[in-house]
Number of protein chains: 2
Amino acid sequence: MEVGNRYVAIRHHIEGAPTEADFEVREAPARWAPGSGEVLVRNLYVSVDPYQLNRMKRTSTSHLAVDGIQPGQRIAAYAAGEVVASACPEYKEGDLVAGVLGWEDYTLFRPSPTVLMSKIDASAGFPLSYHISVLGTSGMTAYGGFFEVCKPVKGEKVFVSAASGSVGSLVGQFAKLAGCYVVGCAGSKAKVDLLKDKLGFDDAFNYKDEPDLKSALKRYFPDGIDIYFENVGGEMLEAALANMNTYGRVAVCGVISEYTGAGRRAVPDLLEIIYKRITIRGFLAWDFLGRFGEFNAIIGDWIRQGKVQVIEDVSDGLESIPSAFAALFRGENIGKKLVRLRNRIQETAGHADDSAPNKLE
Amino acid sequence: MEVGNRYVAIRHHIEGAPTEADFEVREAPARWAPGSGEVLVRNLYVSVDPYQLNRMKRTSTSHLAVDGIQPGQRIAAYAAGEVVASACPEYKEGDLVAGVLGWEDYTLFRPSPTVLMSKIDASAGFPLSYHISVLGTSGMTAYGGFFEVCKPVKGEKVFVSAASGSVGSLVGQFAKLAGCYVVGCAGSKAKVDLLKDKLGFDDAFNYKDEPDLKSALKRYFPDGIDIYFENVGGEMLEAALANMNTYGRVAVCGVISEYTGAGRRAVPDLLEIIYKRITIRGFLAWDFLGRFGEFNAIIGDWIRQGKVQVIEDVSDGLESIPSAFAALFRGENIGKKLVRLRNRIQETAGHADDSAPNKLE
């Protein structure tokens, strides 16, 4: 079986902020055979995440955990799709799956313990998109990063940067559920309003309105910050450290301001780190892979109980992936950025009803 | 009872590297009365440590744990001395004590759970100086910082900066006792030789001979660094992070290159921290106060068994404290820097025999 397959590739390694022109849509057929041991998936939703930029840079030997993406090659990415052909007993045609697939119409994978892939339980009743946002890596990152890395205690003061993003928007809600006081920052009034009005943050501010981030945080945290969930880097990290309490914890989830090389990099005050006994810890969602099911069960319950709101920002069509990706670095998304491969959904019987939210499509 | 008391004070707040001219010796009598509840101690050895510079700067509100030192005032410091008068039943004349006393001939203290002070058990047979070095805060810092913060596993690769200093010289030896591979760096050939020949480091190098610290560490750690015991800051931290393994740990004990404001501050690569899941944690010796006795029992056994060598660098006379302190920032000390208040020792019957090492003086 051979299907025509379009995929998004980089034209060249990217060093600064990405633009649409750095990408191209290429075509190469996906070939599947009954004895191949492979599963062919038609991708329905693909995830678009800032960290992917780091893989598009010229390979750095120091970032050992990052597989570099080469120009012209397909780009692995978290996605949800439908099995259209399977040479593996665990998967059958029509199964819905979420895991590492790609920025492409179809992906072939060979099941193995090292391939992150899970079958979606349609009876849970969540929209398909949730399985690559709140019930995918974003949720795993937010839950593991907040509860396992930050180890919050009820009453602690939590600061979340990029708080309207895919992970930040969840961390803030999780922090409220843990009994913490939470302030988020974001880059527009609409985002700040969302944090306060819809997501239950105790307070929020637009960092672009604050000429002095240190004094801004002093205003929002007169009693200091216990936990900083770091998505930004640069001056924001310095300002957070200056306002942290003794035994404060910084979970470094991402540093979007430093990915493009455009912003000034953080120069943390190491004396603050010593005297306030601060812990700064980097982590990846993959660190919690063994607890994926456990985390998702909890998050799923919270969604059903209305305790967690899911914010998704969806673009349509494979060809919109480059612009969706570039827009992340201009802060244009609100919530998890996804691309729906609409044409393909329409071809798939039973998965065409995009008008019914909160139902499995 | 009133005794003439000389003490070292700062003439003004110090912002850069300290010099002798920043200090003066002042005099003010120490007055003790039988009903005062106080203990009068004649100081015999005082500790001279780089961190004290941070207390001499203009007060920074952000370094909450540091009590600032004001010009003209006495300077609290770890020291060992002999009780010459006591209005407390727990202490009697002739007792030897170690704890927070001062850069002065005599110190009055009032026992309380918040005052770090312990009676020295003379029967243990260690030189008095050990009680403010290896069995004092330096040992507590090295033991707690290495075993509790770094959590070493046998076979791990450990890098220690300022490795011939009071803490570094112990951390390297502790790391060998934990079955680790240890490389230290220091600032002279004599220090490097000491690390390799006397302290049992697997290797050592003079950082002044290395124009590129990143590639130097790559040479010394072809398989990467698991634990970095940080005493230096600046470029050394950047170089260590670039060479760290996944799940590497950095214990930030001190950052002497950043205390004076002379060196370039560290700009850690936050992407390294994320992708390699590095933990950077600041700590103070005081964090382990509750385990002081436990740590000292272990360290004392190691010393008796010849497994830990104690390196002390002793100057004589109260008036030498300013030059001893200033010399720390030029890297002139080897091992723990102490000042022996010789004149006073000579006045004290039974404690005058400085010629007998490894015996309680």
# chains A, B, ... in the order shown; residues from 1 in each chain; ligands from 1
>>> interface_residues(of="chain B", to="chain A", cutoff="9 Å", atoms="only C-alpha atoms", output="ChimeraX atom specification")
/B:54,62-66,233,242-247,252-255,258-259,265-284,287
>>> calpha_fit_and_write(fixed="chain B", moving="chain A", output="CSV table (one decimal) with C-alpha atoms, in the first residue's frame")
chain,number,residue,atom,x,y,z
A,1,MET,CA,35.5,41.9,85.1
A,2,GLU,CA,36.7,44.0,82.2
A,3,VAL,CA,39.4,43.0,79.7
A,4,GLY,CA,41.0,45.1,77.0
A,5,ASN,CA,39.8,43.9,73.7
A,6,ARG,CA,41.1,44.5,70.2
A,7,TYR,CA,38.9,43.8,67.3
A,8,VAL,CA,39.1,44.0,63.5
A,9,ALA,CA,36.5,46.2,61.8
A,10,ILE,CA,35.9,47.5,58.3
A,11,ARG,CA,36.5,51.2,57.8
A,12,HIS,CA,33.8,51.3,55.2
A,13,HIS,CA,31.7,49.0,53.1
A,14,ILE,CA,33.7,47.1,50.6
A,15,GLU,CA,32.5,46.7,47.0
A,16,GLY,CA,35.5,45.2,45.1
A,17,ALA,CA,38.4,43.0,46.2
A,18,PRO,CA,39.4,43.7,49.8
A,19,THR,CA,42.7,45.2,50.8
A,20,GLU,CA,44.3,45.6,54.2
A,21,ALA,CA,43.5,49.3,54.0
A,22,ASP,CA,39.8,48.5,54.2
A,23,PHE,CA,40.3,47.3,57.8
A,24,GLU,CA,41.4,48.7,61.1
A,25,VAL,CA,42.1,47.3,64.5
A,26,ARG,CA,40.0,49.0,67.1
A,27,GLU,CA,39.8,48.7,70.9
A,28,ALA,CA,36.8,48.5,73.3
A,29,PRO,CA,36.8,46.7,76.6
A,30,ALA,CA,34.8,43.5,77.0
A,31,ARG,CA,32.8,43.7,80.3
A,32,TRP,CA,31.6,40.5,82.0
A,33,ALA,CA,29.6,40.3,85.2
A,34,PRO,CA,28.8,37.2,87.3
A,35,GLY,CA,25.0,37.7,87.0
A,36,SER,CA,25.0,38.6,83.3
A,37,GLY,CA,24.2,35.1,82.0
A,38,GLU,CA,27.2,35.6,79.6
A,39,VAL,CA,30.3,33.6,78.9
A,40,LEU,CA,33.6,35.4,78.2
A,41,VAL,CA,35.9,33.6,75.7
A,42,ARG,CA,39.5,34.3,74.9
A,43,ASN,CA,39.8,33.6,71.2
A,44,LEU,CA,42.7,31.4,70.2
A,45,TYR,CA,42.1,30.6,66.5
A,46,VAL,CA,39.8,32.5,64.2
A,47,SER,CA,38.5,31.5,60.8
A,48,VAL,CA,39.0,33.7,57.7
A,49,ASP,CA,36.6,32.8,54.9
A,50,PRO,CA,35.8,34.3,51.5
A,51,TYR,CA,32.0,34.5,52.2
A,52,GLN,CA,32.6,37.1,54.8
A,53,LEU,CA,33.2,39.6,52.0
A,54,ASN,CA,29.5,39.4,51.1
A,55,ARG,CA,28.6,40.7,54.6
A,56,MET,CA,30.9,43.6,54.2
A,57,LYS,CA,29.2,45.0,51.1
A,58,ARG,CA,26.5,47.6,51.3
A,59,THR,CA,23.5,45.8,52.5
A,60,SER,CA,21.6,44.0,49.8
A,61,THR,CA,18.0,43.3,50.7
A,62,SER,CA,17.9,40.4,48.4
A,63,HIS,CA,20.5,38.3,50.4
A,64,LEU,CA,18.2,37.7,53.3
A,65,ALA,CA,20.4,35.2,55.0
A,66,VAL,CA,23.3,37.6,55.3
A,67,ASP,CA,23.6,39.9,58.3
A,68,GLY,CA,25.5,42.9,57.1
A,69,ILE,CA,28.6,44.1,58.8
A,70,GLN,CA,28.7,47.8,59.6
A,71,PRO,CA,31.9,49.9,59.6
A,72,GLY,CA,33.5,50.2,63.0
A,73,GLN,CA,31.6,47.3,64.4
A,74,ARG,CA,33.0,44.0,65.6
A,75,ILE,CA,32.8,41.1,63.1
A,76,ALA,CA,31.3,37.8,64.1
A,77,ALA,CA,33.3,34.9,62.8
A,78,TYR,CA,33.8,31.2,63.5
A,79,ALA,CA,36.6,30.8,66.1
A,80,ALA,CA,37.9,28.5,68.8
A,81,GLY,CA,38.7,29.8,72.3
A,82,GLU,CA,38.9,29.2,76.0
A,83,VAL,CA,36.3,30.2,78.5
A,84,VAL,CA,37.8,32.7,80.9
A,85,ALA,CA,34.7,33.6,82.8
A,86,SER,CA,31.2,32.1,82.8
A,87,ALA,CA,27.9,33.1,84.3
A,88,CYS,CA,26.3,29.9,82.8
A,89,PRO,CA,26.3,26.5,84.4
A,90,GLU,CA,27.0,24.7,81.1
A,91,TYR,CA,30.3,26.4,80.7
A,92,LYS,CA,33.2,26.7,83.1
A,93,GLU,CA,36.5,28.5,83.2
A,94,GLY,CA,39.0,26.6,81.1
A,95,ASP,CA,36.5,24.9,78.8
A,96,LEU,CA,37.5,25.0,75.1
A,97,VAL,CA,34.7,26.1,72.8
A,98,ALA,CA,34.2,26.5,69.0
A,99,GLY,CA,31.5,28.5,67.4
A,100,VAL,CA,30.4,31.9,66.3
A,101,LEU,CA,32.8,34.2,68.2
A,102,GLY,CA,34.6,37.0,66.4
A,103,TRP,CA,37.7,38.6,64.8
A,104,GLU,CA,38.8,39.9,68.2
A,105,ASP,CA,40.7,38.9,71.3
A,106,TYR,CA,37.7,38.3,73.5
A,107,THR,CA,34.1,37.5,72.8
A,108,LEU,CA,31.1,37.6,75.1
A,109,PHE,CA,28.2,35.3,74.2
A,110,ARG,CA,24.9,34.2,75.8
A,111,PRO,CA,24.1,30.6,75.2
A,112,SER,CA,21.0,30.0,73.2
A,113,PRO,CA,19.7,27.4,70.7
A,114,THR,CA,20.3,30.0,67.9
A,115,VAL,CA,23.9,30.6,68.8
A,116,LEU,CA,26.2,28.1,67.2
A,117,MET,CA,28.6,27.0,69.9
A,118,SER,CA,30.0,23.7,71.0
A,119,LYS,CA,32.3,22.5,73.7
A,120,ILE,CA,35.4,20.9,72.4
A,121,ASP,CA,36.0,17.4,73.7
A,122,ALA,CA,39.7,17.5,74.4
A,123,SER,CA,39.9,13.8,74.8
A,124,ALA,CA,39.3,13.4,71.1
A,125,GLY,CA,42.9,14.5,70.7
A,126,PHE,CA,42.6,16.7,67.7
A,127,PRO,CA,44.5,20.0,67.3
A,128,LEU,CA,42.5,22.9,68.5
A,129,SER,CA,42.6,24.4,65.0
A,130,TYR,CA,40.8,21.4,63.5
A,131,HIS,CA,37.7,22.4,65.4
A,132,ILE,CA,37.3,25.5,63.2
A,133,SER,CA,38.4,23.9,60.0
A,134,VAL,CA,37.7,20.2,59.2
A,135,LEU,CA,35.6,19.7,62.3
A,136,GLY,CA,34.0,23.2,62.0
A,137,THR,CA,32.1,24.9,59.3
A,138,SER,CA,34.5,23.9,56.5
A,139,GLY,CA,33.9,20.2,57.3
A,140,MET,CA,30.2,20.7,57.7
A,141,THR,CA,30.0,22.5,54.4
A,142,ALA,CA,32.0,19.9,52.5
A,143,TYR,CA,30.3,16.9,54.0
A,144,GLY,CA,26.7,18.3,53.8
A,145,GLY,CA,27.3,19.8,50.4
A,146,PHE,CA,28.8,16.7,48.9
A,147,PHE,CA,26.9,13.9,50.5
A,148,GLU,CA,23.5,15.6,51.0
A,149,VAL,CA,23.3,18.1,48.1
A,150,CYS,CA,25.3,16.2,45.5
A,151,LYS,CA,24.1,12.7,46.5
A,152,PRO,CA,27.1,10.9,44.9
A,153,VAL,CA,26.9,7.4,43.5
A,154,LYS,CA,30.0,5.2,43.4
A,155,GLY,CA,31.8,5.6,40.0
A,156,GLU,CA,30.4,9.1,39.3
A,157,LYS,CA,32.7,11.8,37.9
A,158,VAL,CA,33.2,14.7,40.2
A,159,PHE,CA,34.7,18.1,39.4
A,160,VAL,CA,35.8,20.4,42.3
A,161,SER,CA,36.8,24.0,41.7
A,162,ALA,CA,39.0,25.9,44.2
A,163,ALA,CA,40.0,22.4,45.1
A,164,SER,CA,42.9,23.3,47.3
A,165,GLY,CA,40.7,25.6,49.4
A,166,SER,CA,39.2,24.9,52.8
A,167,VAL,CA,36.1,23.2,51.5
A,168,GLY,CA,37.3,21.9,48.1
A,169,SER,CA,40.3,20.1,49.6
A,170,LEU,CA,37.8,18.1,51.8
A,171,VAL,CA,35.2,17.5,49.1
A,172,GLY,CA,37.8,15.9,46.8
A,173,GLN,CA,38.9,13.5,49.5
A,174,PHE,CA,35.3,12.7,50.5
A,175,ALA,CA,34.5,12.0,46.8
A,176,LYS,CA,37.4,9.5,46.7
A,177,LEU,CA,36.1,7.9,49.8
A,178,ALA,CA,32.7,7.6,48.1
A,179,GLY,CA,34.3,5.8,45.2
A,180,CYS,CA,34.1,8.6,42.7
A,181,TYR,CA,36.5,9.8,40.1
A,182,VAL,CA,37.7,13.3,41.1
A,183,VAL,CA,39.4,16.1,39.3
A,184,GLY,CA,40.2,19.4,40.9
A,185,CYS,CA,41.3,22.7,39.6
A,186,ALA,CA,43.4,25.3,41.4
A,187,GLY,CA,45.5,28.3,40.6
A,188,SER,CA,49.1,27.3,41.0
A,189,LYS,CA,51.4,24.3,40.3
A,190,ALA,CA,52.0,23.9,44.1
A,191,LYS,CA,48.3,23.5,44.7
A,192,VAL,CA,47.9,21.1,41.8
A,193,ASP,CA,50.7,19.0,43.1
A,194,LEU,CA,49.2,18.9,46.5
A,195,LEU,CA,45.8,17.7,45.1
A,196,LYS,CA,47.5,14.9,43.2
A,197,ASP,CA,50.3,13.9,45.5
A,198,LYS,CA,48.9,14.4,49.0
A,199,LEU,CA,45.1,14.6,48.7
A,200,GLY,CA,44.5,11.7,46.3
A,201,PHE,CA,42.7,13.5,43.5
A,202,ASP,CA,42.7,11.4,40.3
A,203,ASP,CA,43.8,14.4,38.4
A,204,ALA,CA,44.1,18.2,38.8
A,205,PHE,CA,44.9,21.2,36.7
A,206,ASN,CA,45.9,24.8,37.0
A,207,TYR,CA,43.0,26.8,35.5
A,208,LYS,CA,45.4,29.7,34.7
A,209,ASP,CA,47.2,27.5,32.2
A,210,GLU,CA,43.9,26.8,30.4
A,211,PRO,CA,42.8,29.4,27.8
A,212,ASP,CA,39.7,27.4,27.1
A,213,LEU,CA,38.1,26.0,30.2
A,214,LYS,CA,35.4,24.1,28.2
A,215,SER,CA,37.9,22.1,26.3
A,216,ALA,CA,40.1,21.6,29.3
A,217,LEU,CA,37.2,20.0,31.1
A,218,LYS,CA,36.4,17.9,28.0
A,219,ARG,CA,40.0,16.6,28.2
A,220,TYR,CA,39.8,15.8,31.9
A,221,PHE,CA,36.3,14.4,31.7
A,222,PRO,CA,36.0,12.6,28.4
A,223,ASP,CA,32.9,10.8,29.8
A,224,GLY,CA,31.4,14.0,31.2
A,225,ILE,CA,30.9,15.4,34.7
A,226,ASP,CA,28.2,14.0,37.0
A,227,ILE,CA,28.8,16.3,39.9
A,228,TYR,CA,30.3,19.8,40.0
A,229,PHE,CA,31.1,21.2,43.4
A,230,GLU,CA,31.1,24.9,42.6
A,231,ASN,CA,33.3,27.3,44.6
A,232,VAL,CA,34.2,29.7,41.8
A,233,GLY,CA,31.3,30.9,39.5
A,234,GLY,CA,31.8,32.8,36.2
A,235,GLU,CA,33.3,31.0,33.3
A,236,MET,CA,34.1,27.9,35.3
A,237,LEU,CA,30.4,27.2,35.9
A,238,GLU,CA,29.6,27.7,32.2
A,239,ALA,CA,32.4,25.3,31.3
A,240,ALA,CA,31.3,22.7,33.8
A,241,LEU,CA,27.6,22.9,32.6
A,242,ALA,CA,28.8,22.4,29.0
A,243,ASN,CA,30.6,19.2,30.1
A,244,MET,CA,27.9,17.8,32.4
A,245,ASN,CA,26.1,14.5,31.9
A,246,THR,CA,22.4,14.0,32.0
A,247,TYR,CA,21.0,14.3,35.5
A,248,GLY,CA,24.2,16.2,36.6
A,249,ARG,CA,24.2,18.1,39.8
A,250,VAL,CA,25.8,21.4,40.7
A,251,ALA,CA,26.2,22.2,44.4
A,252,VAL,CA,26.7,25.9,44.6
A,253,CYS,CA,28.9,26.3,47.7
A,254,GLY,CA,30.5,29.6,46.8
A,255,VAL,CA,31.4,31.8,43.8
A,256,ILE,CA,34.6,33.5,44.8
A,257,SER,CA,35.2,34.9,41.4
A,258,GLU,CA,31.9,36.8,41.6
A,259,TYR,CA,32.2,38.1,45.2
A,260,THR,CA,34.5,41.0,44.2
A,261,GLY,CA,32.6,41.9,41.1
A,262,ALA,CA,35.9,41.8,39.2
A,263,GLY,CA,35.2,38.7,37.1
A,264,ARG,CA,32.6,38.1,34.5
A,265,ARG,CA,29.5,36.6,35.9
A,266,ALA,CA,28.2,33.2,34.8
A,267,VAL,CA,25.7,33.1,31.9
A,268,PRO,CA,24.6,29.5,32.2
A,269,ASP,CA,23.2,27.9,29.1
A,270,LEU,CA,19.6,27.2,30.2
A,271,LEU,CA,19.1,24.8,27.3
A,272,GLU,CA,21.9,22.6,28.8
A,273,ILE,CA,20.1,22.7,32.1
A,274,ILE,CA,16.8,21.6,30.5
A,275,TYR,CA,18.0,19.0,28.1
A,276,LYS,CA,20.5,17.5,30.5
A,277,ARG,CA,18.0,17.8,33.4
A,278,ILE,CA,20.7,19.5,35.5
A,279,THR,CA,20.0,20.5,39.1
A,280,ILE,CA,21.8,23.6,40.5
A,281,ARG,CA,21.3,24.0,44.2
A,282,GLY,CA,22.7,26.6,46.5
A,283,PHE,CA,23.3,25.7,50.2
A,284,LEU,CA,24.8,27.0,53.4
A,285,ALA,CA,26.6,25.1,56.1
A,286,TRP,CA,23.9,26.2,58.5
A,287,ASP,CA,21.4,24.0,56.7
A,288,PHE,CA,23.2,21.0,58.3
A,289,LEU,CA,23.4,22.3,61.8
A,290,GLY,CA,21.2,19.6,63.2
A,291,ARG,CA,23.6,17.0,61.9
A,292,PHE,CA,26.8,18.7,63.0
A,293,GLY,CA,27.7,16.0,65.5
A,294,GLU,CA,26.9,13.2,63.2
A,295,PHE,CA,29.1,14.6,60.4
A,296,ASN,CA,31.9,15.3,62.8
A,297,ALA,CA,31.9,11.8,64.2
A,298,ILE,CA,32.4,10.4,60.7
A,299,ILE,CA,35.0,13.0,59.7
A,300,GLY,CA,36.8,12.5,62.9
A,301,ASP,CA,37.1,8.8,62.3
A,302,TRP,CA,38.4,9.3,58.8
A,303,ILE,CA,41.1,11.7,60.1
A,304,ARG,CA,42.1,9.1,62.8
A,305,GLN,CA,42.3,6.4,60.1
A,306,GLY,CA,44.5,8.6,57.9
A,307,LYS,CA,41.8,8.7,55.2
A,308,VAL,CA,41.4,12.5,55.3
A,309,GLN,CA,44.4,14.9,55.3
A,310,VAL,CA,43.8,18.3,56.8
A,311,ILE,CA,45.4,21.3,55.1
A,312,GLU,CA,45.6,24.5,57.1
A,313,ASP,CA,47.2,27.8,56.3
A,314,VAL,CA,47.9,29.6,59.6
A,315,SER,CA,48.9,33.3,60.1
A,316,ASP,CA,49.8,34.7,63.4
A,317,GLY,CA,48.3,37.6,65.4
A,318,LEU,CA,45.0,39.4,65.3
A,319,GLU,CA,46.6,42.2,63.3
A,320,SER,CA,47.3,39.7,60.4
A,321,ILE,CA,43.6,39.1,59.9
A,322,PRO,CA,43.1,41.8,57.3
A,323,SER,CA,46.0,40.7,55.1
A,324,ALA,CA,45.0,37.0,55.5
A,325,PHE,CA,41.5,37.9,54.4
A,326,ALA,CA,42.6,40.0,51.4
A,327,ALA,CA,45.0,37.3,50.4
A,328,LEU,CA,42.1,34.8,50.0
A,329,PHE,CA,40.9,36.7,47.0
A,330,ARG,CA,44.3,36.6,45.4
A,331,GLY,CA,44.3,32.8,45.9
A,332,GLU,CA,47.3,32.9,48.2
A,333,ASN,CA,46.1,30.4,50.8
A,334,ILE,CA,46.4,26.7,50.5
A,335,GLY,CA,43.8,24.9,52.6
A,336,LYS,CA,41.8,26.4,55.4
A,337,LYS,CA,42.9,29.9,56.3
A,338,LEU,CA,43.2,30.5,60.0
A,339,VAL,CA,44.7,33.2,62.2
A,340,ARG,CA,46.2,32.1,65.5
A,341,LEU,CA,45.9,34.8,68.2
A,342,ARG,CA,49.4,33.9,69.3
A,343,ASN,CA,50.0,36.5,72.0
A,344,ARG,CA,46.9,35.4,73.8
A,345,ILE,CA,47.8,31.7,73.6
A,346,GLN,CA,51.1,32.4,75.2
A,347,GLU,CA,49.3,34.1,78.1
A,348,THR,CA,47.1,31.0,78.6
A,349,ALA,CA,48.8,28.3,80.7
A,350,GLY,CA,48.6,24.9,79.1
A,351,HIS,CA,47.8,26.1,75.6
A,352,ALA,CA,51.2,27.5,74.6
A,353,ASP,CA,52.7,24.5,73.0
A,354,ASP,CA,52.2,25.2,69.3
A,355,SER,CA,55.1,23.0,68.4
A,356,ALA,CA,53.2,19.8,69.0
A,357,PRO,CA,51.0,19.1,66.0
A,358,ASN,CA,48.1,16.6,66.1
A,359,LYS,CA,47.8,17.2,69.8
A,360,LEU,CA,45.3,19.4,71.6
A,361,GLU,CA,47.2,22.6,72.2
>>> select_by_dssp(residues="segment 5-254 of chain A", states="strand (DSSP E or B)", output="PyMOL selection string")
chain A and resi 6-10+23-27+30-31+39-47+76-86+96-102+104+106-109+117-119+157-160+165+181-186+203-206+225-230+244-252
>>> select_by_dssp(residues="segment 273-341 of chain A", states="helix (DSSP H, G or I)", output="ChimeraX atom specification")
/A:273-275,285-304,318-328
>>> write_last_selection(atoms="N, CA and C atoms", output="CSV table (one decimal), in the first residue's frame")
chain,number,residue,atom,x,y,z
A,273,ILE,N,21.3,32.5,44.8
A,273,ILE,CA,21.1,31.0,44.8
A,273,ILE,C,21.7,30.4,46.0
A,274,ILE,N,22.9,30.9,46.4
A,274,ILE,CA,23.5,30.3,47.6
A,274,ILE,C,22.7,30.7,48.9
A,275,TYR,N,22.6,32.0,49.1
A,275,TYR,CA,22.1,32.5,50.4
A,275,TYR,C,20.6,32.1,50.6
A,285,ALA,N,9.5,16.5,29.6
A,285,ALA,CA,8.3,15.7,29.8
A,285,ALA,C,8.6,14.2,29.8
A,286,TRP,N,9.6,13.8,29.0
A,286,TRP,CA,9.9,12.4,28.9
A,286,TRP,C,10.4,11.8,30.2
A,287,ASP,N,10.8,12.6,31.1
A,287,ASP,CA,11.3,12.1,32.4
A,287,ASP,C,10.1,11.4,33.2
A,288,PHE,N,8.9,11.7,32.8
A,288,PHE,CA,7.7,11.2,33.5
A,288,PHE,C,6.9,10.2,32.7
A,289,LEU,N,7.6,9.7,31.7
A,289,LEU,CA,6.9,8.8,30.7
A,289,LEU,C,6.3,7.6,31.5
A,290,GLY,N,7.0,7.1,32.5
A,290,GLY,CA,6.5,5.9,33.2
A,290,GLY,C,5.2,6.2,34.0
A,291,ARG,N,4.9,7.5,34.1
A,291,ARG,CA,3.8,7.9,35.0
A,291,ARG,C,2.7,8.6,34.1
A,292,PHE,N,2.8,8.4,32.8
A,292,PHE,CA,1.9,9.1,31.9
A,292,PHE,C,0.5,8.8,32.2
A,293,GLY,N,0.2,7.5,32.4
A,293,GLY,CA,-1.2,7.0,32.6
A,293,GLY,C,-1.7,7.5,33.9
A,294,GLU,N,-0.9,7.5,34.9
A,294,GLU,CA,-1.3,8.0,36.2
A,294,GLU,C,-1.6,9.5,36.2
A,295,PHE,N,-0.8,10.3,35.6
A,295,PHE,CA,-1.0,11.7,35.5
A,295,PHE,C,-2.3,12.0,34.7
A,296,ASN,N,-2.5,11.3,33.6
A,296,ASN,CA,-3.6,11.5,32.7
A,296,ASN,C,-4.9,11.1,33.4
A,297,ALA,N,-4.9,10.1,34.3
A,297,ALA,CA,-6.1,9.8,35.0
A,297,ALA,C,-6.5,10.9,35.9
A,298,ILE,N,-5.6,11.5,36.5
A,298,ILE,CA,-5.9,12.6,37.4
A,298,ILE,C,-6.4,13.8,36.7
A,299,ILE,N,-5.6,14.2,35.6
A,299,ILE,CA,-6.0,15.3,34.8
A,299,ILE,C,-7.3,15.1,34.2
A,300,GLY,N,-7.6,13.9,33.7
A,300,GLY,CA,-8.9,13.6,33.1
A,300,GLY,C,-10.0,13.9,34.0
A,301,ASP,N,-9.8,13.4,35.3
A,301,ASP,CA,-10.9,13.6,36.3
A,301,ASP,C,-11.1,15.1,36.5
A,302,TRP,N,-10.0,15.9,36.6
A,302,TRP,CA,-10.2,17.3,36.8
A,302,TRP,C,-10.9,18.0,35.7
A,303,ILE,N,-10.7,17.5,34.4
A,303,ILE,CA,-11.4,18.1,33.3
A,303,ILE,C,-12.9,17.8,33.4
A,304,ARG,N,-13.2,16.6,33.7
A,304,ARG,CA,-14.6,16.2,33.8
A,304,ARG,C,-15.3,16.9,34.9
A,318,LEU,N,-2.2,21.2,6.8
A,318,LEU,CA,-0.7,21.0,7.0
A,318,LEU,C,0.1,22.2,6.6
A,319,GLU,N,-0.4,22.9,5.5
A,319,GLU,CA,0.4,24.0,5.0
A,319,GLU,C,0.5,25.1,6.0
A,320,SER,N,-0.4,25.1,7.0
A,320,SER,CA,-0.3,26.2,8.0
A,320,SER,C,0.7,25.9,9.1
A,321,ILE,N,1.3,24.8,9.1
A,321,ILE,CA,2.2,24.5,10.2
A,321,ILE,C,3.4,25.5,10.3
A,322,PRO,N,4.1,25.8,9.2
A,322,PRO,CA,5.2,26.8,9.3
A,322,PRO,C,4.7,28.1,9.9
A,323,SER,N,3.6,28.7,9.5
A,323,SER,CA,3.2,30.0,10.1
A,323,SER,C,2.8,29.8,11.5
A,324,ALA,N,2.1,28.7,11.8
A,324,ALA,CA,1.7,28.5,13.2
A,324,ALA,C,2.9,28.4,14.1
A,325,PHE,N,4.0,27.7,13.6
A,325,PHE,CA,5.2,27.6,14.4
A,325,PHE,C,5.9,28.9,14.6
A,326,ALA,N,6.0,29.6,13.5
A,326,ALA,CA,6.7,30.9,13.5
A,326,ALA,C,6.0,31.9,14.5
A,327,ALA,N,4.6,31.8,14.5
A,327,ALA,CA,3.8,32.7,15.3
A,327,ALA,C,4.0,32.5,16.8
A,328,LEU,N,4.5,31.2,17.2
A,328,LEU,CA,4.7,30.9,18.6
A,328,LEU,C,5.8,31.9,19.2
